[in-house]
Amino acid sequence: TLVASLALVGATAIWGSTFLVTKQSLPEMSPASFLVWRFGLAAIALLVARPRQLVALTRAELHRGLLLGVFLGSGFLLQTIGLLDTDAGVSGFLTGAAVVLTPLVAARWFKERVGRAGWIAVGVSTAGIALLMLRSATVTPGAVLTVAGAACFALHISALSRWATPVNAIGLTTS
C-alpha cells in the first residue's frame with residue numbers, strides 16, 4: 001500500500017541520516033565514546049523500563065545475548081571508526097552489504113536453507129556493489145572497516161533470527 005511504502009521510505013531516510021549525524025559527531029568525540037553514550041543510554045532505559053526481562057534469562061540465553069552484543073557492538077564500532085575515513089553516503093551504502101552477507105552467514109553458520117531466489121538476489125546485489133565500488137575506485141581503510149562492520153551486522157541478524165523469541169527479546173537486547 002501507499003502508506004506502507006511511504007513508511008519504508010521514511011524509515012530509510014531516517015536510517016540514512018544517522019550516518020551524517022554520526023560523522024558530524026566524530027570530531028567532538030572518539031568513536032568508542034560516541035557509541036558508549038549512544039547505546040549506554042539505551043541500555044539504561046531498557047533496564048529501567050523492564051528490569052525483570054534481564055533477570056528472567058536462562059544461562060544459555062544470557063550467553064547468547066552477550067554474543068549478540070559482541071556482534072552488534074563490533075559492527076557499530078567498525079562502522080563508526082570507518083566513518084573517520086569514509087564519506088557518510090559511502091558508509092551507508094557499504095553497511096547495506098549486510099543484506100547480502102546475511103544469507104551467506106545464515107547458510108554457513110546456522111545451516112539455514114537459502115532458496116534459489118535468495119541466492120539470485122545475493123548474486124545480483126553483490127554484482128551491484130562490486131560495480132559501484134569499481135566505478136568509484138574508492139577502497140580506503142575506512143571502507144574495508146565498514147564492510148567488516150556489515151559482516152558483524154550479518155552475524156547479529158542471523159543469530160538474532162535463531163535465538164530471539166517474543167519472551168526473551170527484550171532481555172537479549174538488554175544483555
# chains A, B, ... in the order shown; residues from 1 in each chain; ligands from 1
call {"tool": "residues_around", "arguments": {"residues": "Leu20 of chain A", "least_positions_apart": "2", "cutoff": "12 Å", "atoms": "only C-alpha atoms", "output": "PyMOL selection string"}}
result
chain A and resi 13-18+22-26+80+83-84+86-92
call {"tool": "write_last_selection", "arguments": {"atoms": "all heavy atoms", "output": "CSV table (one decimal), in the first residue's frame"}}
result
chain,number,residue,atom,x,y,z
A,13,ALA,N,15.1,6.9,5.1
A,13,ALA,CA,15.6,8.3,5.2
A,13,ALA,C,16.2,8.6,6.6
A,13,ALA,O,17.3,9.2,6.7
A,13,ALA,CB,14.6,9.3,4.8
A,14,ILE,N,15.5,8.2,7.6
A,14,ILE,CA,15.9,8.4,8.9
A,14,ILE,C,17.2,7.6,9.2
A,14,ILE,O,18.2,8.1,9.7
A,14,ILE,CB,14.8,8.0,10.0
A,14,ILE,CG1,13.7,9.0,9.9
A,14,ILE,CG2,15.4,7.9,11.4
A,14,ILE,CD1,12.4,8.6,10.6
A,15,TRP,N,17.2,6.3,8.7
A,15,TRP,CA,18.4,5.5,8.9
A,15,TRP,C,19.6,6.1,8.2
A,15,TRP,O,20.7,6.2,8.7
A,15,TRP,CB,18.2,4.1,8.3
A,15,TRP,CG,19.3,3.2,8.3
A,15,TRP,CD1,19.9,2.5,9.4
A,15,TRP,CD2,20.2,2.8,7.2
A,15,TRP,NE1,21.0,1.8,9.0
A,15,TRP,CE2,21.2,2.0,7.7
A,15,TRP,CE3,20.2,3.2,5.9
A,15,TRP,CZ2,22.1,1.4,6.8
A,15,TRP,CZ3,21.1,2.6,5.0
A,15,TRP,CH2,22.1,1.8,5.5
A,16,GLY,N,19.4,6.6,6.9
A,16,GLY,CA,20.5,7.2,6.2
A,16,GLY,C,21.0,8.5,6.8
A,16,GLY,O,22.2,8.8,6.8
A,17,SER,N,20.1,9.2,7.5
A,17,SER,CA,20.6,10.5,8.1
A,17,SER,C,21.5,10.2,9.3
A,17,SER,O,22.3,11.1,9.7
A,17,SER,CB,19.4,11.3,8.5
A,17,SER,OG,18.7,10.7,9.6
A,18,THR,N,21.4,9.0,9.9
A,18,THR,CA,22.2,8.8,11.1
A,18,THR,C,23.7,8.7,10.7
A,18,THR,O,24.5,9.0,11.5
A,18,THR,CB,21.8,7.4,11.8
A,18,THR,OG1,22.0,6.3,10.9
A,18,THR,CG2,20.4,7.5,12.2
A,22,THR,N,26.3,10.9,12.8
A,22,THR,CA,27.4,10.2,13.4
A,22,THR,C,28.7,10.9,12.9
A,22,THR,O,29.6,11.2,13.7
A,22,THR,CB,27.4,8.7,13.1
A,22,THR,OG1,26.2,8.2,13.6
A,22,THR,CG2,28.6,8.0,13.8
A,23,LYS,N,28.9,11.0,11.6
A,23,LYS,CA,30.1,11.6,11.0
A,23,LYS,C,30.3,13.0,11.6
A,23,LYS,O,31.5,13.4,11.9
A,23,LYS,CB,30.0,11.6,9.5
A,23,LYS,CG,31.3,12.1,8.9
A,23,LYS,CD,31.6,11.5,7.6
A,23,LYS,CE,32.9,12.0,7.0
A,23,LYS,NZ,34.0,11.1,7.3
A,24,GLN,N,29.3,13.8,11.7
A,24,GLN,CA,29.5,15.2,12.2
A,24,GLN,C,29.8,15.2,13.7
A,24,GLN,O,30.4,16.1,14.2
A,24,GLN,CB,28.2,16.0,12.0
A,24,GLN,CG,28.0,16.3,10.5
A,24,GLN,CD,26.7,16.9,10.2
A,24,GLN,OE1,25.8,17.0,11.0
A,24,GLN,NE2,26.5,17.4,9.0
A,25,SER,N,29.5,14.1,14.4
A,25,SER,CA,29.8,14.0,15.9
A,25,SER,C,31.2,13.6,16.1
A,25,SER,O,31.7,13.8,17.2
A,25,SER,CB,28.8,13.0,16.5
A,25,SER,OG,27.5,13.4,16.4
A,26,LEU,N,31.8,12.9,15.2
A,26,LEU,CA,33.1,12.3,15.4
A,26,LEU,C,34.3,13.3,15.7
A,26,LEU,O,35.2,12.9,16.4
A,26,LEU,CB,33.5,11.3,14.3
A,26,LEU,CG,32.6,10.1,14.3
A,26,LEU,CD1,33.0,9.2,13.1
A,26,LEU,CD2,32.7,9.3,15.6
A,80,THR,N,31.7,2.9,12.7
A,80,THR,CA,32.0,4.2,13.2
A,80,THR,C,33.4,4.6,13.0
A,80,THR,O,33.7,5.8,12.6
A,80,THR,CB,31.5,4.4,14.7
A,80,THR,OG1,30.2,3.9,14.8
A,80,THR,CG2,31.6,5.8,15.1
A,83,LEU,N,33.9,5.5,9.5
A,83,LEU,CA,33.4,6.8,9.1
A,83,LEU,C,34.4,7.9,9.2
A,83,LEU,O,34.3,8.9,8.5
A,83,LEU,CB,32.2,7.1,9.9
A,83,LEU,CG,30.8,6.9,9.3
A,83,LEU,CD1,29.7,7.2,10.4
A,83,LEU,CD2,30.6,7.8,8.1
A,84,LEU,N,35.5,7.7,10.0
A,84,LEU,CA,36.5,8.7,10.1
A,84,LEU,C,37.2,8.9,8.7
A,84,LEU,O,37.8,9.9,8.5
A,84,LEU,CB,37.6,8.2,11.1
A,84,LEU,CG,37.1,8.2,12.6
A,84,LEU,CD1,38.1,7.5,13.5
A,84,LEU,CD2,36.7,9.6,13.1
A,86,THR,N,35.8,7.7,5.6
A,86,THR,CA,34.8,7.4,4.5
A,86,THR,C,33.7,8.4,4.5
A,86,THR,O,33.3,8.8,5.6
A,86,THR,CB,34.2,5.9,4.8
A,86,THR,OG1,35.3,5.0,5.0
A,86,THR,CG2,33.4,5.5,3.6
A,87,ASP,N,33.3,8.7,3.3
A,87,ASP,CA,32.1,9.6,3.2
A,87,ASP,C,30.9,8.9,3.8
A,87,ASP,O,30.7,7.7,3.7
A,87,ASP,CB,31.9,9.9,1.7
A,87,ASP,CG,30.7,10.8,1.4
A,87,ASP,OD1,30.8,11.9,1.8
A,87,ASP,OD2,29.7,10.3,0.9
A,88,ALA,N,30.0,9.7,4.4
A,88,ALA,CA,28.8,9.2,5.0
A,88,ALA,C,27.9,8.4,4.1
A,88,ALA,O,27.4,7.3,4.4
A,88,ALA,CB,28.0,10.3,5.7
A,89,GLY,N,27.8,8.9,2.8
A,89,GLY,CA,27.0,8.2,1.8
A,89,GLY,C,27.6,6.8,1.5
A,89,GLY,O,26.9,5.8,1.3
A,90,VAL,N,28.9,6.8,1.3
A,90,VAL,CA,29.6,5.5,1.0
A,90,VAL,C,29.4,4.6,2.2
A,90,VAL,O,29.2,3.4,2.0
A,90,VAL,CB,31.1,5.8,0.7
A,90,VAL,CG1,31.8,4.5,0.6
A,90,VAL,CG2,31.2,6.6,-0.6
A,91,SER,N,29.6,5.1,3.4
A,91,SER,CA,29.4,4.2,4.6
A,91,SER,C,28.1,3.6,4.7
A,91,SER,O,27.9,2.4,4.9
A,91,SER,CB,29.7,5.0,5.8
A,91,SER,OG,29.6,4.3,7.0
A,92,GLY,N,27.0,4.4,4.4
A,92,GLY,CA,25.7,3.9,4.4
A,92,GLY,C,25.5,2.8,3.4
A,92,GLY,O,24.9,1.7,3.6
call {"tool": "residues_around", "arguments": {"residues": "segment 107-111 of chain A", "least_positions_apart": "3", "cutoff": "12 Å", "atoms": "only C-alpha atoms", "output": "PyMOL selection string"}}
result
chain A and resi 101-104+114-115+118-119+154-163
call {"tool": "write_last_selection", "arguments": {"atoms": "N, CA, C and O atoms", "output": "compact mmCIF listing (two decimals), in the first residue's frame"}}
result
# COMPACT_ATOMS: atom_id res chain seq x y z
N LEU A 101 25.30 -10.18 2.92
CA LEU A 101 26.06 -11.12 3.74
C LEU A 101 25.20 -11.97 4.65
O LEU A 101 25.58 -13.09 5.01
N THR A 102 24.03 -11.48 5.04
CA THR A 102 23.19 -12.21 5.99
C THR A 102 22.80 -13.61 5.51
O THR A 102 22.95 -14.58 6.26
N PRO A 103 22.34 -13.79 4.28
CA PRO A 103 22.02 -15.16 3.85
C PRO A 103 23.26 -16.07 3.82
O PRO A 103 23.16 -17.26 4.10
N LEU A 104 24.41 -15.49 3.49
CA LEU A 104 25.64 -16.28 3.48
C LEU A 104 25.99 -16.76 4.88
O LEU A 104 26.33 -17.93 5.09
N VAL A 114 18.79 -21.44 2.09
CA VAL A 114 18.51 -20.23 1.32
C VAL A 114 18.02 -20.71 -0.04
O VAL A 114 18.72 -21.45 -0.73
N GLY A 115 16.84 -20.30 -0.41
CA GLY A 115 16.25 -20.74 -1.67
C GLY A 115 16.94 -20.13 -2.88
O GLY A 115 17.77 -19.22 -2.77
N GLY A 118 16.73 -16.45 -3.20
CA GLY A 118 17.64 -15.79 -2.27
C GLY A 118 19.06 -15.72 -2.80
O GLY A 118 19.73 -14.68 -2.70
N TRP A 119 19.52 -16.83 -3.37
CA TRP A 119 20.88 -16.85 -3.93
C TRP A 119 21.00 -15.93 -5.14
O TRP A 119 22.03 -15.27 -5.34
N ALA A 154 25.63 -8.82 9.86
CA ALA A 154 25.06 -10.04 9.29
C ALA A 154 25.07 -11.17 10.32
O ALA A 154 24.10 -11.94 10.44
N LEU A 155 26.15 -11.27 11.08
CA LEU A 155 26.21 -12.26 12.17
C LEU A 155 25.11 -11.98 13.20
O LEU A 155 24.43 -12.90 13.65
N HIS A 156 24.95 -10.72 13.56
CA HIS A 156 23.94 -10.34 14.54
C HIS A 156 22.53 -10.68 14.04
O HIS A 156 21.73 -11.27 14.77
N ILE A 157 22.23 -10.31 12.81
CA ILE A 157 20.90 -10.56 12.26
C ILE A 157 20.62 -12.06 12.20
O ILE A 157 19.53 -12.52 12.58
N SER A 158 21.59 -12.82 11.73
CA SER A 158 21.40 -14.28 11.61
C SER A 158 21.21 -14.93 12.97
O SER A 158 20.32 -15.77 13.15
N ALA A 159 22.06 -14.56 13.92
CA ALA A 159 21.95 -15.14 15.27
C ALA A 159 20.65 -14.71 15.95
O ALA A 159 19.99 -15.51 16.60
N LEU A 160 20.30 -13.46 15.79
CA LEU A 160 19.06 -12.96 16.40
C LEU A 160 17.84 -13.71 15.86
O LEU A 160 16.94 -14.05 16.62
N SER A 161 17.85 -13.98 14.58
CA SER A 161 16.71 -14.69 13.99
C SER A 161 16.60 -16.12 14.54
O SER A 161 15.51 -16.68 14.57
N ARG A 162 17.69 -16.68 14.98
CA ARG A 162 17.69 -18.03 15.54
C ARG A 162 17.38 -18.04 17.04
O ARG A 162 16.78 -18.98 17.54
N TRP A 163 17.83 -17.06 17.77
CA TRP A 163 17.81 -17.10 19.23
C TRP A 163 16.72 -16.28 19.89
O TRP A 163 16.35 -16.55 21.04
call {"tool": "residues_around", "arguments": {"residues": "Ile81 of chain A", "least_positions_apart": "5", "cutoff": "10 Å", "atoms": "only C-alpha atoms", "output": "mmCIF file with N, CA, C and O atoms, in the first residue's frame"}}
result
data_model
loop_
_atom_site.group_PDB
_atom_site.id
_atom_site.type_symbol
_atom_site.label_atom_id
_atom_site.label_comp_id
_atom_site.auth_asym_id
_atom_site.auth_seq_id
_atom_site.Cartn_x
_atom_site.Cartn_y
_atom_site.Cartn_z
ATOM 1 N N LYS A 23 28.871 11.042 11.580
ATOM 2 C CA LYS A 23 30.101 11.614 11.023
ATOM 3 C C LYS A 23 30.349 13.017 11.573
ATOM 4 O O LYS A 23 31.478 13.365 11.895
ATOM 5 N N LEU A 26 31.817 12.890 15.189
ATOM 6 C CA LEU A 26 33.131 12.291 15.433
ATOM 7 C C LEU A 26 34.265 13.282 15.698
ATOM 8 O O LEU A 26 35.176 12.946 16.447
ATOM 9 N N SER A 30 35.541 10.481 20.384
ATOM 10 C CA SER A 30 36.042 9.274 19.723
ATOM 11 C C SER A 30 34.880 8.352 19.356
ATOM 12 O O SER A 30 33.800 8.433 19.953
ATOM 13 N N PRO A 31 35.097 7.460 18.379
ATOM 14 C CA PRO A 31 34.033 6.510 18.030
ATOM 15 C C PRO A 31 33.551 5.691 19.232
ATOM 16 O O PRO A 31 32.340 5.509 19.407
ATOM 17 N N ALA A 32 34.479 5.234 20.070
ATOM 18 C CA ALA A 32 34.077 4.427 21.233
ATOM 19 C C ALA A 32 33.238 5.247 22.207
ATOM 20 O O ALA A 32 32.214 4.770 22.708
ATOM 21 N N PHE A 76 29.002 -1.855 14.990
ATOM 22 C CA PHE A 76 28.912 -0.403 15.127
ATOM 23 C C PHE A 76 30.287 0.241 15.331
ATOM 24 O O PHE A 76 30.552 1.319 14.801
ATOM 25 N N THR A 86 35.753 7.675 5.633
ATOM 26 C CA THR A 86 34.826 7.358 4.550
ATOM 27 C C THR A 86 33.701 8.387 4.527
ATOM 28 O O THR A 86 33.250 8.843 5.570
ATOM 29 N N PRO A 141 40.897 2.352 3.858
ATOM 30 C CA PRO A 141 40.816 1.561 5.093
ATOM 31 C C PRO A 141 39.449 1.698 5.774
ATOM 32 O O PRO A 141 38.916 0.732 6.309
ATOM 33 N N GLY A 142 38.871 2.888 5.706
ATOM 34 C CA GLY A 142 37.545 3.094 6.290
ATOM 35 C C GLY A 142 36.479 2.265 5.603
ATOM 36 O O GLY A 142 35.571 1.732 6.251
ATOM 37 N N ALA A 143 36.578 2.136 4.285
ATOM 38 C CA ALA A 143 35.612 1.319 3.545
ATOM 39 C C ALA A 143 35.747 -0.148 3.935
ATOM 40 O O ALA A 143 34.748 -0.842 4.118
ATOM 41 N N LEU A 145 36.875 -1.314 6.814
ATOM 42 C CA LEU A 145 36.330 -1.447 8.171
ATOM 43 C C LEU A 145 34.804 -1.451 8.147
ATOM 44 O O LEU A 145 34.163 -2.203 8.891
ATOM 45 N N THR A 146 34.218 -0.644 7.278
ATOM 46 C CA THR A 146 32.762 -0.575 7.185
ATOM 47 C C THR A 146 32.178 -1.894 6.686
ATOM 48 O O THR A 146 31.163 -2.369 7.206
ATOM 49 N N GLY A 149 32.281 -4.254 9.424
ATOM 50 C CA GLY A 149 31.152 -3.961 10.304
ATOM 51 C C GLY A 149 29.864 -4.563 9.763
ATOM 52 O O GLY A 149 29.058 -5.111 10.518
#
call {"tool": "residues_around", "arguments": {"residues": "Leu62 of chain A", "least_positions_apart": "3", "cutoff": "10 Å", "atoms": "only C-alpha atoms", "output": "VMD selection string"}}
result
chain A and resid 54 to 59 65 to 68 168 171 to 172 174 to 175
call {"tool": "write_last_selection", "arguments": {"atoms": "N, CA, C and O atoms", "output": "mmCIF file, in the first residue's frame"}}
result
data_model
loop_
_atom_site.group_PDB
_atom_site.id
_atom_site.type_symbol
_atom_site.label_atom_id
_atom_site.label_comp_id
_atom_site.auth_asym_id
_atom_site.auth_seq_id
_atom_site.Cartn_x
_atom_site.Cartn_y
_atom_site.Cartn_z
ATOM 1 N N LEU A 54 15.835 -8.990 31.988
ATOM 2 C CA LEU A 54 17.227 -9.447 32.025
ATOM 3 C C LEU A 54 17.385 -10.571 33.038
ATOM 4 O O LEU A 54 18.035 -11.577 32.762
ATOM 5 N N VAL A 55 16.778 -10.437 34.192
ATOM 6 C CA VAL A 55 16.874 -11.447 35.252
ATOM 7 C C VAL A 55 16.216 -12.759 34.823
ATOM 8 O O VAL A 55 16.651 -13.841 35.226
ATOM 9 N N ALA A 56 15.212 -12.684 33.959
ATOM 10 C CA ALA A 56 14.470 -13.876 33.547
ATOM 11 C C ALA A 56 15.216 -14.741 32.532
ATOM 12 O O ALA A 56 14.812 -15.864 32.259
ATOM 13 N N LEU A 57 16.328 -14.238 31.996
ATOM 14 C CA LEU A 57 17.068 -15.014 31.002
ATOM 15 C C LEU A 57 17.725 -16.240 31.627
ATOM 16 O O LEU A 57 18.245 -16.177 32.741
ATOM 17 N N THR A 58 17.717 -17.331 30.889
ATOM 18 C CA THR A 58 18.452 -18.517 31.320
ATOM 19 C C THR A 58 19.937 -18.272 31.086
ATOM 20 O O THR A 58 20.325 -17.306 30.409
ATOM 21 N N ARG A 59 20.756 -19.147 31.620
ATOM 22 C CA ARG A 59 22.211 -19.014 31.429
ATOM 23 C C ARG A 59 22.556 -19.046 29.923
ATOM 24 O O ARG A 59 23.376 -18.268 29.443
ATOM 25 N N GLY A 65 22.833 -13.615 24.472
ATOM 26 C CA GLY A 65 22.670 -12.163 24.487
ATOM 27 C C GLY A 65 24.009 -11.449 24.478
ATOM 28 O O GLY A 65 24.179 -10.437 23.794
ATOM 29 N N LEU A 66 24.973 -11.982 25.214
ATOM 30 C CA LEU A 66 26.312 -11.389 25.216
ATOM 31 C C LEU A 66 26.967 -11.515 23.841
ATOM 32 O O LEU A 66 27.610 -10.571 23.360
ATOM 33 N N LEU A 67 26.803 -12.680 23.204
ATOM 34 C CA LEU A 67 27.340 -12.852 21.844
ATOM 35 C C LEU A 67 26.674 -11.891 20.862
ATOM 36 O O LEU A 67 27.348 -11.279 20.020
ATOM 37 N N LEU A 68 25.357 -11.746 20.979
ATOM 38 C CA LEU A 68 24.654 -10.791 20.127
ATOM 39 C C LEU A 68 25.203 -9.377 20.328
ATOM 40 O O LEU A 68 25.389 -8.631 19.364
ATOM 41 N N ASN A 168 11.954 -13.647 25.191
ATOM 42 C CA ASN A 168 13.298 -13.244 25.617
ATOM 43 C C ASN A 168 13.879 -12.052 24.858
ATOM 44 O O ASN A 168 15.000 -11.634 25.140
ATOM 45 N N GLY A 171 15.069 -9.047 27.016
ATOM 46 C CA GLY A 171 16.199 -9.469 27.836
ATOM 47 C C GLY A 171 17.463 -9.635 27.021
ATOM 48 O O GLY A 171 18.548 -9.206 27.439
ATOM 49 N N LEU A 172 17.359 -10.246 25.834
ATOM 50 C CA LEU A 172 18.525 -10.391 24.967
ATOM 51 C C LEU A 172 19.064 -9.026 24.548
ATOM 52 O O LEU A 172 20.274 -8.813 24.509
ATOM 53 N N THR A 174 18.776 -6.213 26.170
ATOM 54 C CA THR A 174 19.346 -5.524 27.333
ATOM 55 C C THR A 174 20.712 -6.099 27.711
ATOM 56 O O THR A 174 21.601 -5.374 28.110
ATOM 57 N N SER A 175 20.860 -7.417 27.539
ATOM 58 C CA SER A 175 22.129 -8.036 27.952
ATOM 59 C C SER A 175 23.220 -7.619 27.015
ATOM 60 O O SER A 175 24.344 -7.539 27.331
#
call {"tool": "closest_residue", "arguments": {"among": "A:Val100, A:Ile170, A:Ala127, A:Leu94", "to": "Val139 of chain A", "atoms": "only C-alpha atoms"}}
result
A:Leu94
call {"tool": "atom_distance", "arguments": {"atom1": "atom CA of Ala11 of chain A", "atom2": "atom CA of Val99 of chain A"}}
result
16.1 Å
call {"tool": "closest_residue", "arguments": {"among": "A:Gly96, A:Gly128, A:Pro51, A:Pro166", "to": "Val147 of chain A", "atoms": "only C-alpha atoms"}}
result
A:Gly96
call {"tool": "select_by_dssp", "arguments": {"residues": "segment 33-113 of chain A", "states": "alpha helix (DSSP H)", "output": "number ranges by chain"}}
result
A: 33-49, 51-55, 59-83, 88-95, 97-109
call {"tool": "closest_residue", "arguments": {"among": "A:Val21, A:Ala43, A:Ala4, A:Val9", "to": "Thr173 of chain A", "atoms": "only C-alpha atoms"}}
result
A:Ala43
call {"tool": "atom_distance", "arguments": {"atom1": "atom CA of Val167 of chain A", "atom2": "atom CA of Ser5 of chain A"}}
result
29.7 Å
call {"tool": "atom_distance", "arguments": {"atom1": "atom CA of Gly75 of chain A", "atom2": "atom CA of Ala150 of chain A"}}
result
6.2 Å
